[in-house]
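Participant: Take this structure first; my questions come after.
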Amino acid sequence: MIDRLRDLLDGRRLCVLTGAGVSTDSGIPDYRGPSSPPRNPMTFQQFVGDPEFRNRYWARNHLGWRHMDAARPNDGHLALAELERAGVVSGVVTQNVDLLHTKARSRTVVDLHGTYAQVVCLECAHRMSRHTLAELLEEANPGFARAVAGEGAIEVAPDADAVVPDSVEFTIVDCPRCGGMLKPDIVYFGETVPRPRVDLAYSMVDDADALVVVGSSLTVQSGLRFVRHAHRRGIPVAIVNRGVTRGDPLATLTVDAGCSETLRALADQNRTRSSAWTSGRRDSGGRSRVERPIISSTSAAS
């Protein structure tokens, strides 16, 4: 199917929307992939309304965020950064909170749901780094991470939430400025994505010649809205994902394939024909287009 993807994207500047599937090769599981175990992601209402739940959450997060912080970009992230440097990808809108696109040195990234690296106070809006909070939590719970995780691997969810026994005891830390409730600066289920981020993502879709969705089931509205927007505006939509997605009926092309290998194939083909990306012109709509195919039809993978 990659030859059909190549033909669709031929000569177009791309906005890329990524979901959890793009990070699975970095050791971060997704919620809804075909091989993913059933998961119940935390909701905002649970976090603020249930002190015991919030306590258990911070215990799990205290372990899980370290795993996410240590994760490194995979071939898919690196390929997207390479395509951006080549002028093919105009920007990435990601539903992930793992910062792997930034670590891969993609320059234009909208972290739609925030990132694991910051914590915010729900009372005074004070922000601190997750590293700073980790030091405070370690002081309040000396030896906790070592005692619970031991030397073995821990299971981590896409929101940096590790699997920890419910019976474990853990002391949470309040805002050092006002004593208010601290929360990871992540948009959880039941919250609303800040409007400036949404508007920036819409503008990136509008400025592109095609929208490519990679590794997202598009189950939630926060990602699906951009597919609907592109479809309404007549912008081609390609979806690369293992399994069906909610956006498939709106897609120009769907590719049931792995994220890393597909993105790497596109980037490798671009490298062999780098001049295709660097000689541009303007189409009748004022968008920048390249003169030659993004991938050579004679050497495309299948």
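Going by the structure tokens order, chains are called A, B, ..., each with residues numbered from 1, while ligands are numbered from 1 in the order shown.
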Near A:Arg105, within 12 Å and counting only C-alpha atoms, which residues show up once chain neighbours fewer than 5 positions away are dropped, as a PyMOL selection string?
Facilitator: chain A and resi 72-73+77-85+91-92+99-100
Participant: Check which residues of stretch 2-22 of chain A sit at most 8 Å from stretch 243-260 of chain A using only C-alpha atoms, and return one row each with the closest pair of atoms and their distance in Å to one decimal, ordered by chain and rising number, as a Markdown table.
Facilitator:
```
| residue | atom | partner | partner_atom | distance |
| --- | --- | --- | --- | --- |
| A:Ile2 | CA | A:Val255 | CA | 7.5 |
| A:Leu5 | CA | A:Leu253 | CA | 7.2 |
| A:Leu8 | CA | A:Leu253 | CA | 7.9 |
| A:Gly21 | CA | A:Cys259 | CA | 7.0 |
| A:Val22 | CA | A:Cys259 | CA | 5.6 |
```
Participant: Can I get the selection written as a short mmCIF file (atom, residue, chain, number, x, y, z; two decimals), in the first residue's frame, with N, CA and C atoms?
Facilitator:
```cif
data_model
loop_
_atom_site.label_atom_id
_atom_site.label_comp_id
_atom_site.auth_asym_id
_atom_site.auth_seq_id
_atom_site.Cartn_x
_atom_site.Cartn_y
_atom_site.Cartn_z
N ILE A 2 2.13 1.14 0.28
CA ILE A 2 2.92 2.35 0.39
C ILE A 2 3.06 3.06 -0.95
N LEU A 5 0.17 5.30 -1.10
CA LEU A 5 0.41 6.43 -0.21
C LEU A 5 1.35 7.42 -0.87
N LEU A 8 -0.53 9.44 -3.45
CA LEU A 8 -1.43 10.44 -2.87
C LEU A 8 -0.65 11.66 -2.37
N GLY A 21 0.07 5.08 18.74
CA GLY A 21 0.70 4.03 17.95
C GLY A 21 2.07 4.38 17.42
N VAL A 22 2.37 5.67 17.29
CA VAL A 22 3.67 6.05 16.77
C VAL A 22 4.77 5.85 17.82
#
```
Participant: With distances taken over only C-alpha atoms, which of A:Gly179, A:Gly114, A:Gly87, A:Pro29 is nearest to A:Glu191?
Facilitator: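 That would be A:Gly114, the residue with the smallest distance to A:Glu191.
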Participant: So what do you get for atom CA of A:Tyr188 versus atom CA of A:Met42, distance-wise?
Facilitator: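 So the answer is 7.0 Å.
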Participant: Go through stretch 22-119 of chain A and flag each residue having an atom no more than 8 Å from stretch 132-152 of chain A; for those, report the closest pair of atoms plus their distance in Å to one decimal, using only C-alpha atoms, ordered by chain and rising number, as JSON lines.
Facilitator:
```
{"residue": "A:His62", "atom": "CA", "partner": "A:Ala134", "partner_atom": "CA", "distance": 6.9}
{"residue": "A:Leu63", "atom": "CA", "partner": "A:Ala145", "partner_atom": "CA", "distance": 6.2}
{"residue": "A:Val119", "atom": "CA", "partner": "A:Leu133", "partner_atom": "CA", "distance": 7.7}
```
Participant: DSSP on the backbone: what in stretch 152-264 of chain A comes out helix (DSSP H, G or I), as a PyMOL selection string?
Facilitator: chain A and resi 195-207+221-232+248-250+259-264
Participant: What is the distance, in Å and to one decimal place, between atom CA of A:Leu112 and atom CA of A:Thr94?
Facilitator: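 Answer for the atom CA of A:Leu112 to atom CA of A:Thr94 separation: 5.8 Å.
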